[in-house]
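Enquirer: Structure: upload_16.cif, mmCIF, N, CA and C atoms.
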data_entry
loop_
_atom_site.label_atom_id
_atom_site.label_comp_id
_atom_site.auth_asym_id
_atom_site.auth_seq_id
_atom_site.Cartn_x
_atom_site.Cartn_y
_atom_site.Cartn_z
N MET A 1 -12.69 -14.46 7.40
CA MET A 1 -11.86 -15.52 7.91
C MET A 1 -10.45 -14.98 8.13
N TYR A 2 -9.82 -15.40 9.23
CA TYR A 2 -8.44 -15.02 9.48
C TYR A 2 -7.68 -16.24 9.99
N ALA A 3 -6.36 -16.12 10.00
CA ALA A 3 -5.51 -17.24 10.42
C ALA A 3 -4.30 -16.69 11.17
N ILE A 4 -3.67 -17.56 11.92
CA ILE A 4 -2.40 -17.26 12.58
C ILE A 4 -1.34 -18.09 11.87
N VAL A 5 -0.34 -17.42 11.29
CA VAL A 5 0.74 -18.12 10.60
C VAL A 5 2.03 -17.95 11.39
N ALA A 6 2.93 -18.92 11.24
CA ALA A 6 4.21 -18.88 11.93
C ALA A 6 5.33 -18.82 10.90
N THR A 7 6.22 -17.83 11.06
CA THR A 7 7.39 -17.73 10.20
C THR A 7 8.45 -16.90 10.92
N GLY A 8 9.69 -17.30 10.80
CA GLY A 8 10.79 -16.55 11.41
C GLY A 8 10.75 -16.55 12.93
N GLY A 9 10.15 -17.59 13.53
CA GLY A 9 10.09 -17.67 14.98
C GLY A 9 9.02 -16.78 15.60
N LYS A 10 8.17 -16.19 14.78
CA LYS A 10 7.11 -15.32 15.27
C LYS A 10 5.77 -15.77 14.67
N GLN A 11 4.68 -15.28 15.26
CA GLN A 11 3.35 -15.58 14.76
C GLN A 11 2.65 -14.29 14.38
N TYR A 12 1.88 -14.35 13.28
CA TYR A 12 1.20 -13.18 12.76
C TYR A 12 -0.25 -13.52 12.47
N LYS A 13 -1.16 -12.58 12.80
CA LYS A 13 -2.56 -12.71 12.45
C LYS A 13 -2.74 -12.12 11.06
N VAL A 14 -3.28 -12.91 10.11
CA VAL A 14 -3.41 -12.46 8.73
C VAL A 14 -4.80 -12.75 8.19
N GLU A 15 -5.18 -11.95 7.21
CA GLU A 15 -6.38 -12.16 6.42
C GLU A 15 -5.98 -12.04 4.96
N GLU A 16 -6.86 -12.44 4.05
CA GLU A 16 -6.55 -12.33 2.63
C GLU A 16 -6.37 -10.87 2.27
N GLY A 17 -5.33 -10.57 1.51
CA GLY A 17 -5.05 -9.21 1.08
C GLY A 17 -4.12 -8.44 2.01
N ASP A 18 -3.82 -8.98 3.18
CA ASP A 18 -2.91 -8.30 4.11
C ASP A 18 -1.49 -8.26 3.57
N VAL A 19 -0.77 -7.19 3.90
CA VAL A 19 0.65 -7.07 3.57
C VAL A 19 1.40 -7.00 4.90
N LEU A 20 2.38 -7.89 5.08
CA LEU A 20 3.13 -7.90 6.34
C LEU A 20 4.61 -8.05 6.07
N GLU A 21 5.40 -7.61 7.06
CA GLU A 21 6.86 -7.68 6.97
C GLU A 21 7.35 -8.74 7.94
N VAL A 22 8.07 -9.75 7.42
CA VAL A 22 8.57 -10.86 8.22
C VAL A 22 10.07 -10.98 8.02
N GLU A 23 10.71 -11.80 8.85
CA GLU A 23 12.14 -12.05 8.65
C GLU A 23 12.35 -12.70 7.30
N LYS A 24 13.53 -12.52 6.74
CA LYS A 24 13.81 -12.87 5.35
C LYS A 24 13.41 -14.30 4.99
N ILE A 25 12.69 -14.39 3.87
CA ILE A 25 12.35 -15.66 3.24
C ILE A 25 13.02 -15.64 1.87
N GLU A 26 13.74 -16.71 1.53
CA GLU A 26 14.45 -16.75 0.26
C GLU A 26 13.47 -16.71 -0.91
N GLY A 27 13.79 -15.92 -1.93
CA GLY A 27 12.98 -15.84 -3.12
C GLY A 27 12.98 -14.44 -3.69
N GLU A 28 12.65 -14.34 -4.96
CA GLU A 28 12.57 -13.06 -5.65
C GLU A 28 11.16 -12.50 -5.53
N ALA A 29 11.02 -11.22 -5.88
CA ALA A 29 9.69 -10.60 -5.90
C ALA A 29 8.82 -11.33 -6.90
N GLY A 30 7.59 -11.65 -6.50
CA GLY A 30 6.68 -12.39 -7.37
C GLY A 30 6.62 -13.87 -7.06
N THR A 31 7.55 -14.38 -6.27
CA THR A 31 7.56 -15.79 -5.91
C THR A 31 6.41 -16.08 -4.94
N VAL A 32 5.78 -17.23 -5.13
CA VAL A 32 4.68 -17.64 -4.25
C VAL A 32 5.23 -18.60 -3.21
N VAL A 33 4.90 -18.35 -1.93
CA VAL A 33 5.34 -19.21 -0.83
C VAL A 33 4.13 -19.63 -0.01
N GLU A 34 4.25 -20.77 0.66
CA GLU A 34 3.20 -21.24 1.55
C GLU A 34 3.70 -21.16 2.98
N LEU A 35 2.87 -20.64 3.87
CA LEU A 35 3.23 -20.47 5.27
C LEU A 35 2.46 -21.47 6.13
N PRO A 36 3.12 -22.03 7.15
CA PRO A 36 2.42 -22.99 8.03
C PRO A 36 1.43 -22.26 8.94
N LEU A 37 0.28 -22.89 9.14
CA LEU A 37 -0.76 -22.31 9.98
C LEU A 37 -0.69 -22.85 11.39
N VAL A 38 -0.95 -22.00 12.36
CA VAL A 38 -1.06 -22.38 13.76
C VAL A 38 -2.53 -22.49 14.14
N MET A 39 -3.35 -21.60 13.56
CA MET A 39 -4.77 -21.56 13.85
C MET A 39 -5.49 -20.94 12.68
N ILE A 40 -6.73 -21.37 12.45
CA ILE A 40 -7.56 -20.72 11.44
C ILE A 40 -8.96 -20.54 12.01
N ALA A 41 -9.51 -19.37 11.83
CA ALA A 41 -10.86 -19.06 12.32
C ALA A 41 -11.71 -18.74 11.11
N GLY A 42 -12.67 -19.63 10.83
CA GLY A 42 -13.56 -19.43 9.69
C GLY A 42 -14.89 -18.89 10.15
N ASP A 43 -15.88 -19.00 9.27
CA ASP A 43 -17.22 -18.52 9.59
C ASP A 43 -17.89 -19.39 10.65
N LYS A 44 -17.57 -20.68 10.65
CA LYS A 44 -18.26 -21.61 11.53
C LYS A 44 -17.53 -21.88 12.85
N ALA A 45 -16.22 -22.11 12.78
CA ALA A 45 -15.51 -22.52 13.99
C ALA A 45 -14.04 -22.11 13.93
N VAL A 46 -13.39 -22.28 15.08
CA VAL A 46 -11.95 -22.03 15.19
C VAL A 46 -11.27 -23.39 15.21
N VAL A 47 -10.26 -23.57 14.35
CA VAL A 47 -9.55 -24.85 14.25
C VAL A 47 -8.12 -24.66 14.72
N THR A 48 -7.73 -25.45 15.74
CA THR A 48 -6.35 -25.43 16.22
C THR A 48 -5.72 -26.81 16.21
N ASP A 49 -6.49 -27.82 15.85
CA ASP A 49 -6.00 -29.21 15.83
C ASP A 49 -4.97 -29.39 14.72
N ALA A 50 -3.81 -29.92 15.07
CA ALA A 50 -2.71 -30.07 14.10
C ALA A 50 -3.08 -31.01 12.96
N LYS A 51 -3.88 -32.04 13.23
CA LYS A 51 -4.27 -32.98 12.17
C LYS A 51 -5.16 -32.30 11.14
N LYS A 52 -6.09 -31.48 11.59
CA LYS A 52 -6.97 -30.77 10.66
C LYS A 52 -6.24 -29.64 9.94
N LEU A 53 -5.27 -29.04 10.61
CA LEU A 53 -4.50 -27.95 10.00
C LEU A 53 -3.46 -28.46 9.02
N GLY A 54 -3.22 -29.76 9.00
CA GLY A 54 -2.24 -30.32 8.09
C GLY A 54 -2.55 -30.03 6.63
N HIS A 55 -3.83 -29.91 6.31
CA HIS A 55 -4.24 -29.65 4.92
C HIS A 55 -4.48 -28.17 4.66
N ALA A 56 -4.56 -27.35 5.70
CA ALA A 56 -4.81 -25.92 5.53
C ALA A 56 -3.51 -25.20 5.19
N THR A 57 -3.61 -24.20 4.30
CA THR A 57 -2.43 -23.45 3.90
C THR A 57 -2.73 -21.96 3.81
N ALA A 58 -1.70 -21.17 3.96
CA ALA A 58 -1.77 -19.74 3.71
C ALA A 58 -0.78 -19.46 2.58
N THR A 59 -1.29 -19.02 1.45
CA THR A 59 -0.45 -18.74 0.30
C THR A 59 -0.15 -17.25 0.26
N ALA A 60 1.14 -16.93 0.07
CA ALA A 60 1.56 -15.53 0.05
C ALA A 60 2.48 -15.29 -1.13
N GLU A 61 2.50 -14.05 -1.60
CA GLU A 61 3.38 -13.65 -2.69
C GLU A 61 4.42 -12.68 -2.13
N ILE A 62 5.68 -12.91 -2.49
CA ILE A 62 6.75 -12.01 -2.05
C ILE A 62 6.65 -10.72 -2.86
N VAL A 63 6.50 -9.60 -2.15
CA VAL A 63 6.38 -8.30 -2.79
C VAL A 63 7.75 -7.65 -2.91
N ASP A 64 8.57 -7.76 -1.84
CA ASP A 64 9.83 -7.01 -1.81
C ASP A 64 10.79 -7.65 -0.81
N GLN A 65 12.08 -7.54 -1.09
CA GLN A 65 13.14 -7.90 -0.15
C GLN A 65 13.83 -6.59 0.23
N PHE A 66 13.99 -6.31 1.52
CA PHE A 66 14.58 -5.04 1.93
C PHE A 66 15.24 -5.18 3.29
N LYS A 67 15.94 -4.11 3.69
CA LYS A 67 16.58 -4.05 5.00
C LYS A 67 15.82 -3.08 5.89
N ASP A 68 15.71 -3.43 7.17
CA ASP A 68 15.03 -2.59 8.15
C ASP A 68 15.92 -1.41 8.53
N LYS A 69 15.39 -0.51 9.36
CA LYS A 69 16.18 0.61 9.85
C LYS A 69 17.33 0.08 10.71
N LYS A 70 18.40 0.87 10.80
CA LYS A 70 19.55 0.46 11.59
C LYS A 70 19.24 0.54 13.08
N VAL A 71 19.65 -0.50 13.80
CA VAL A 71 19.54 -0.54 15.25
C VAL A 71 20.95 -0.38 15.80
N VAL A 72 21.15 0.61 16.68
CA VAL A 72 22.47 0.87 17.24
C VAL A 72 22.54 0.25 18.63
N ILE A 73 23.58 -0.53 18.86
CA ILE A 73 23.82 -1.16 20.15
C ILE A 73 25.02 -0.46 20.78
N PHE A 74 24.85 0.12 21.95
CA PHE A 74 25.92 0.84 22.62
C PHE A 74 26.13 0.24 24.00
N LYS A 75 27.35 -0.27 24.25
CA LYS A 75 27.69 -0.83 25.55
C LYS A 75 28.60 0.14 26.28
N PHE A 76 28.39 0.30 27.58
CA PHE A 76 29.12 1.30 28.35
C PHE A 76 29.24 0.83 29.80
N LYS A 77 30.44 0.95 30.34
CA LYS A 77 30.66 0.68 31.77
C LYS A 77 31.29 1.92 32.38
N LYS A 78 30.61 2.48 33.34
CA LYS A 78 31.08 3.75 33.91
C LYS A 78 32.42 3.57 34.63
N ARG A 79 33.23 4.60 34.55
CA ARG A 79 34.54 4.69 35.21
C ARG A 79 35.53 3.61 34.78
N LYS A 80 35.31 2.92 33.70
CA LYS A 80 36.24 1.89 33.24
C LYS A 80 36.82 2.22 31.87
N GLY A 81 36.30 3.22 31.21
CA GLY A 81 36.78 3.56 29.87
C GLY A 81 36.31 2.57 28.82
N TYR A 82 35.26 1.83 29.11
CA TYR A 82 34.76 0.80 28.20
C TYR A 82 33.55 1.34 27.44
N LYS A 83 33.69 1.47 26.11
CA LYS A 83 32.59 1.87 25.25
C LYS A 83 32.67 1.08 23.96
N ARG A 84 31.56 0.50 23.55
CA ARG A 84 31.51 -0.25 22.30
C ARG A 84 30.23 0.13 21.56
N THR A 85 30.35 0.41 20.28
CA THR A 85 29.19 0.73 19.45
C THR A 85 29.12 -0.27 18.31
N ARG A 86 27.98 -0.85 18.14
CA ARG A 86 27.73 -1.79 17.05
C ARG A 86 26.40 -1.40 16.39
N GLY A 87 26.25 -1.77 15.13
CA GLY A 87 25.00 -1.52 14.42
C GLY A 87 24.55 -2.77 13.71
N HIS A 88 23.25 -2.81 13.41
CA HIS A 88 22.69 -4.00 12.76
C HIS A 88 21.48 -3.59 11.94
N ARG A 89 21.38 -4.13 10.71
CA ARG A 89 20.20 -3.94 9.88
C ARG A 89 19.66 -5.31 9.52
N GLN A 90 18.43 -5.59 9.93
CA GLN A 90 17.82 -6.90 9.70
C GLN A 90 17.27 -6.99 8.28
N ASN A 91 17.53 -8.12 7.61
CA ASN A 91 16.94 -8.39 6.31
C ASN A 91 15.49 -8.81 6.50
N LEU A 92 14.58 -8.18 5.76
CA LEU A 92 13.16 -8.47 5.89
C LEU A 92 12.56 -8.78 4.52
N THR A 93 11.38 -9.41 4.54
CA THR A 93 10.62 -9.72 3.34
C THR A 93 9.21 -9.17 3.52
N ARG A 94 8.72 -8.47 2.52
CA ARG A 94 7.34 -7.98 2.54
C ARG A 94 6.48 -8.98 1.78
N LEU A 95 5.43 -9.50 2.43
CA LEU A 95 4.55 -10.51 1.85
C LEU A 95 3.14 -9.97 1.70
N ARG A 96 2.44 -10.43 0.65
CA ARG A 96 1.01 -10.16 0.48
C ARG A 96 0.30 -11.51 0.55
N ILE A 97 -0.63 -11.64 1.49
CA ILE A 97 -1.39 -12.88 1.64
C ILE A 97 -2.43 -12.93 0.53
N THR A 98 -2.34 -13.98 -0.31
CA THR A 98 -3.24 -14.08 -1.44
C THR A 98 -4.40 -15.03 -1.19
N LYS A 99 -4.17 -16.08 -0.39
CA LYS A 99 -5.24 -17.07 -0.22
C LYS A 99 -5.09 -17.80 1.11
N LEU A 100 -6.21 -17.99 1.80
CA LEU A 100 -6.28 -18.85 2.99
C LEU A 100 -7.23 -19.96 2.67
N SER A 101 -6.76 -21.20 2.77
CA SER A 101 -7.63 -22.34 2.47
C SER A 101 -7.73 -23.23 3.71
N GLU A 102 -8.96 -23.65 4.00
CA GLU A 102 -9.19 -24.47 5.19
C GLU A 102 -8.82 -25.92 4.97
N ALA A 103 -8.93 -26.41 3.74
CA ALA A 103 -8.63 -27.83 3.51
C ALA A 103 -7.96 -28.04 2.19
#
Since I need it in another form, could you write the structure as structure tokens?
Expert:
Amino acid sequence: MYAIVATGGKQYKVEEGDVLEVEKIEGEAGTVVELPLVMIAGDKAVVTDAKKLGHATATAEIVDQFKDKKVVIFKFKKRKGYKRTRGHRQNLTRLRITKLSEA
């Protein structure tokens, strides 16, 4: 069985035991969080109906809070003497999916 969960404005395909990196979710390592489901595919059928998914949950445990690699943004306009350099490191959370429940 697998599911599609939504967090941080993105969607991820997950199964039980998967470890994924998502945009920062508040909490310490070991905290249990529930993620909203967009779709769940079980042994019998695929469920996308919002009313049926209202009771379905994806439970995950926070493994780690960390920062991603630095992304360098460089702006340049030729023959104008305009150069700007900026950097950014995104805060991320590593999650382990512990349980997918259909109802």
Enquirer: Starting from the PyMOL selection byres (((chain A and resi 6 and name CA) around 9) and name CA), expand the selection into actual residues of this file and give them as a PyMOL selection string.
Expert: chain A and resi 4-5+7-12+35-38
Enquirer: Evaluate the PyMOL selection byres (((chain A and resi 41 and name CA) around 12) and name CA) and record the selected residues as a PDB file with N, CA and C atoms, in the coordinates of the input, following the chain and residue labels used in the document.
Expert:
ATOM      1  N   MET A   1     -12.690 -14.460   7.400  1.00  0.00           N
ATOM      2  CA  MET A   1     -11.860 -15.520   7.910  1.00  0.00           C
ATOM      3  C   MET A   1     -10.450 -14.980   8.130  1.00  0.00           C
ATOM      4  N   TYR A   2      -9.820 -15.400   9.230  1.00  0.00           N
ATOM      5  CA  TYR A   2      -8.440 -15.020   9.480  1.00  0.00           C
ATOM      6  C   TYR A   2      -7.680 -16.240   9.990  1.00  0.00           C
ATOM      7  N   ALA A   3      -6.360 -16.120  10.000  1.00  0.00           N
ATOM      8  CA  ALA A   3      -5.510 -17.240  10.420  1.00  0.00           C
ATOM      9  C   ALA A   3      -4.300 -16.690  11.170  1.00  0.00           C
ATOM     10  N   ILE A   4      -3.670 -17.560  11.920  1.00  0.00           N
ATOM     11  CA  ILE A   4      -2.400 -17.260  12.580  1.00  0.00           C
ATOM     12  C   ILE A   4      -1.340 -18.090  11.870  1.00  0.00           C
ATOM     13  N   VAL A   5      -0.340 -17.420  11.290  1.00  0.00           N
ATOM     14  CA  VAL A   5       0.740 -18.120  10.600  1.00  0.00           C
ATOM     15  C   VAL A   5       2.030 -17.950  11.390  1.00  0.00           C
ATOM     16  N   LYS A  13      -1.160 -12.580  12.800  1.00  0.00           N
ATOM     17  CA  LYS A  13      -2.560 -12.710  12.450  1.00  0.00           C
ATOM     18  C   LYS A  13      -2.740 -12.120  11.060  1.00  0.00           C
ATOM     19  N   VAL A  14      -3.280 -12.910  10.110  1.00  0.00           N
ATOM     20  CA  VAL A  14      -3.410 -12.460   8.730  1.00  0.00           C
ATOM     21  C   VAL A  14      -4.800 -12.750   8.190  1.00  0.00           C
ATOM     22  N   GLU A  15      -5.180 -11.950   7.210  1.00  0.00           N
ATOM     23  CA  GLU A  15      -6.380 -12.160   6.420  1.00  0.00           C
ATOM     24  C   GLU A  15      -5.980 -12.040   4.960  1.00  0.00           C
ATOM     25  N   LEU A  37       0.280 -22.890   9.140  1.00  0.00           N
ATOM     26  CA  LEU A  37      -0.760 -22.310   9.980  1.00  0.00           C
ATOM     27  C   LEU A  37      -0.690 -22.850  11.390  1.00  0.00           C
ATOM     28  N   VAL A  38      -0.950 -22.000  12.360  1.00  0.00           N
ATOM     29  CA  VAL A  38      -1.060 -22.380  13.760  1.00  0.00           C
ATOM     30  C   VAL A  38      -2.530 -22.490  14.140  1.00  0.00           C
ATOM     31  N   MET A  39      -3.350 -21.600  13.560  1.00  0.00           N
ATOM     32  CA  MET A  39      -4.770 -21.560  13.850  1.00  0.00           C
ATOM     33  C   MET A  39      -5.490 -20.940  12.680  1.00  0.00           C
ATOM     34  N   ILE A  40      -6.730 -21.370  12.450  1.00  0.00           N
ATOM     35  CA  ILE A  40      -7.560 -20.720  11.440  1.00  0.00           C
ATOM     36  C   ILE A  40      -8.960 -20.540  12.010  1.00  0.00           C
ATOM     37  N   GLY A  42     -12.670 -19.630  10.830  1.00  0.00           N
ATOM     38  CA  GLY A  42     -13.560 -19.430   9.690  1.00  0.00           C
ATOM     39  C   GLY A  42     -14.890 -18.890  10.150  1.00  0.00           C
ATOM     40  N   ASP A  43     -15.880 -19.000   9.270  1.00  0.00           N
ATOM     41  CA  ASP A  43     -17.220 -18.520   9.590  1.00  0.00           C
ATOM     42  C   ASP A  43     -17.890 -19.390  10.650  1.00  0.00           C
ATOM     43  N   LYS A  44     -17.570 -20.680  10.650  1.00  0.00           N
ATOM     44  CA  LYS A  44     -18.260 -21.610  11.530  1.00  0.00           C
ATOM     45  C   LYS A  44     -17.530 -21.880  12.850  1.00  0.00           C
ATOM     46  N   ALA A  45     -16.220 -22.110  12.780  1.00  0.00           N
ATOM     47  CA  ALA A  45     -15.510 -22.520  13.990  1.00  0.00           C
ATOM     48  C   ALA A  45     -14.040 -22.110  13.930  1.00  0.00           C
ATOM     49  N   VAL A  46     -13.390 -22.280  15.080  1.00  0.00           N
ATOM     50  CA  VAL A  46     -11.950 -22.030  15.190  1.00  0.00           C
ATOM     51  C   VAL A  46     -11.270 -23.390  15.210  1.00  0.00           C
ATOM     52  N   VAL A  47     -10.260 -23.570  14.350  1.00  0.00           N
ATOM     53  CA  VAL A  47      -9.550 -24.850  14.250  1.00  0.00           C
ATOM     54  C   VAL A  47      -8.120 -24.660  14.720  1.00  0.00           C
ATOM     55  N   THR A  48      -7.730 -25.450  15.740  1.00  0.00           N
ATOM     56  CA  THR A  48      -6.350 -25.430  16.220  1.00  0.00           C
ATOM     57  C   THR A  48      -5.720 -26.810  16.210  1.00  0.00           C
ATOM     58  N   ASP A  49      -6.490 -27.820  15.850  1.00  0.00           N
ATOM     59  CA  ASP A  49      -6.000 -29.210  15.830  1.00  0.00           C
ATOM     60  C   ASP A  49      -4.970 -29.390  14.720  1.00  0.00           C
ATOM     61  N   LEU A  53      -5.270 -29.040  10.610  1.00  0.00           N
ATOM     62  CA  LEU A  53      -4.500 -27.950  10.000  1.00  0.00           C
ATOM     63  C   LEU A  53      -3.460 -28.460   9.020  1.00  0.00           C
ATOM     64  N   ALA A  56      -4.560 -27.350   5.700  1.00  0.00           N
ATOM     65  CA  ALA A  56      -4.810 -25.920   5.530  1.00  0.00           C
ATOM     66  C   ALA A  56      -3.510 -25.200   5.190  1.00  0.00           C
ATOM     67  N   LEU A 100      -6.210 -17.990   1.800  1.00  0.00           N
ATOM     68  CA  LEU A 100      -6.280 -18.850   2.990  1.00  0.00           C
ATOM     69  C   LEU A 100      -7.230 -19.960   2.670  1.00  0.00           C
ATOM     70  N   SER A 101      -6.760 -21.200   2.770  1.00  0.00           N
ATOM     71  CA  SER A 101      -7.630 -22.340   2.470  1.00  0.00           C
ATOM     72  C   SER A 101      -7.730 -23.230   3.710  1.00  0.00           C
ATOM     73  N   GLU A 102      -8.960 -23.650   4.000  1.00  0.00           N
ATOM     74  CA  GLU A 102      -9.190 -24.470   5.190  1.00  0.00           C
ATOM     75  C   GLU A 102      -8.820 -25.920   4.970  1.00  0.00           C
TER      76      GLU A 102
END
Enquirer: Can you work out the spacing between atom N of Glu34 of chain A and atom C of Asp68 of chain A in Å, to one decimal?
Expert: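 Pair atom N of Glu34 of chain A / atom C of Asp68 of chain A returns 23.9 Å.
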Enquirer: Interatomic distance between atom CA of Lys83 of chain A and atom CA of Lys67 of chain A?
Expert: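 So the two atoms, atom CA of Lys83 of chain A and atom CA of Lys67 of chain A, lie 26.5 Å apart.
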Enquirer: Measuring between only N, CA and C atoms, which one of A:Phe74, A:Val22, A:Glu16, A:Lys51 shows the shortest distance to Leu92 of chain A?
Expert: A:Val22
Enquirer: Please compute the atom CA of Thr93 of chain A-atom N of Glu26 of chain A distance, one decimal, in Å.
Expert: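 It comes out at 7.9 Å.
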Enquirer: Report as a PyMOL selection string the residues that result from applying the PyMOL selection byres ((chain A and resi 90) around 8) to the structure here.
Expert: chain A and resi 23-24+66-71+87-89+91-93
Enquirer: Could you save those same residues with N, CA and C atoms as a PDB file, in the frame of the given file?
Expert:
ATOM      1  N   GLU A  23      10.710 -11.800   8.850  1.00  0.00           N
ATOM      2  CA  GLU A  23      12.140 -12.050   8.650  1.00  0.00           C
ATOM      3  C   GLU A  23      12.350 -12.700   7.300  1.00  0.00           C
ATOM      4  N   LYS A  24      13.530 -12.520   6.740  1.00  0.00           N
ATOM      5  CA  LYS A  24      13.810 -12.870   5.350  1.00  0.00           C
ATOM      6  C   LYS A  24      13.410 -14.300   4.990  1.00  0.00           C
ATOM      7  N   PHE A  66      13.990  -6.310   1.520  1.00  0.00           N
ATOM      8  CA  PHE A  66      14.580  -5.040   1.930  1.00  0.00           C
ATOM      9  C   PHE A  66      15.240  -5.180   3.290  1.00  0.00           C
ATOM     10  N   LYS A  67      15.940  -4.110   3.690  1.00  0.00           N
ATOM     11  CA  LYS A  67      16.580  -4.050   5.000  1.00  0.00           C
ATOM     12  C   LYS A  67      15.820  -3.080   5.890  1.00  0.00           C
ATOM     13  N   ASP A  68      15.710  -3.430   7.170  1.00  0.00           N
ATOM     14  CA  ASP A  68      15.030  -2.590   8.150  1.00  0.00           C
ATOM     15  C   ASP A  68      15.920  -1.410   8.530  1.00  0.00           C
ATOM     16  N   LYS A  69      15.390  -0.510   9.360  1.00  0.00           N
ATOM     17  CA  LYS A  69      16.180   0.610   9.850  1.00  0.00           C
ATOM     18  C   LYS A  69      17.330   0.080  10.710  1.00  0.00           C
ATOM     19  N   LYS A  70      18.400   0.870  10.800  1.00  0.00           N
ATOM     20  CA  LYS A  70      19.550   0.460  11.590  1.00  0.00           C
ATOM     21  C   LYS A  70      19.240   0.540  13.080  1.00  0.00           C
ATOM     22  N   VAL A  71      19.650  -0.500  13.800  1.00  0.00           N
ATOM     23  CA  VAL A  71      19.540  -0.540  15.250  1.00  0.00           C
ATOM     24  C   VAL A  71      20.950  -0.380  15.800  1.00  0.00           C
ATOM     25  N   GLY A  87      26.250  -1.770  15.130  1.00  0.00           N
ATOM     26  CA  GLY A  87      25.000  -1.520  14.420  1.00  0.00           C
ATOM     27  C   GLY A  87      24.550  -2.770  13.710  1.00  0.00           C
ATOM     28  N   HIS A  88      23.250  -2.810  13.410  1.00  0.00           N
ATOM     29  CA  HIS A  88      22.690  -4.000  12.760  1.00  0.00           C
ATOM     30  C   HIS A  88      21.480  -3.590  11.940  1.00  0.00           C
ATOM     31  N   ARG A  89      21.380  -4.130  10.710  1.00  0.00           N
ATOM     32  CA  ARG A  89      20.200  -3.940   9.880  1.00  0.00           C
ATOM     33  C   ARG A  89      19.660  -5.310   9.520  1.00  0.00           C
ATOM     34  N   ASN A  91      17.530  -8.120   7.610  1.00  0.00           N
ATOM     35  CA  ASN A  91      16.940  -8.390   6.310  1.00  0.00           C
ATOM     36  C   ASN A  91      15.490  -8.810   6.500  1.00  0.00           C
ATOM     37  N   LEU A  92      14.580  -8.180   5.760  1.00  0.00           N
ATOM     38  CA  LEU A  92      13.160  -8.470   5.890  1.00  0.00           C
ATOM     39  C   LEU A  92      12.560  -8.780   4.520  1.00  0.00           C
ATOM     40  N   THR A  93      11.380  -9.410   4.540  1.00  0.00           N
ATOM     41  CA  THR A  93      10.620  -9.720   3.340  1.00  0.00           C
ATOM     42  C   THR A  93       9.210  -9.170   3.520  1.00  0.00           C
TER      43      THR A  93
END
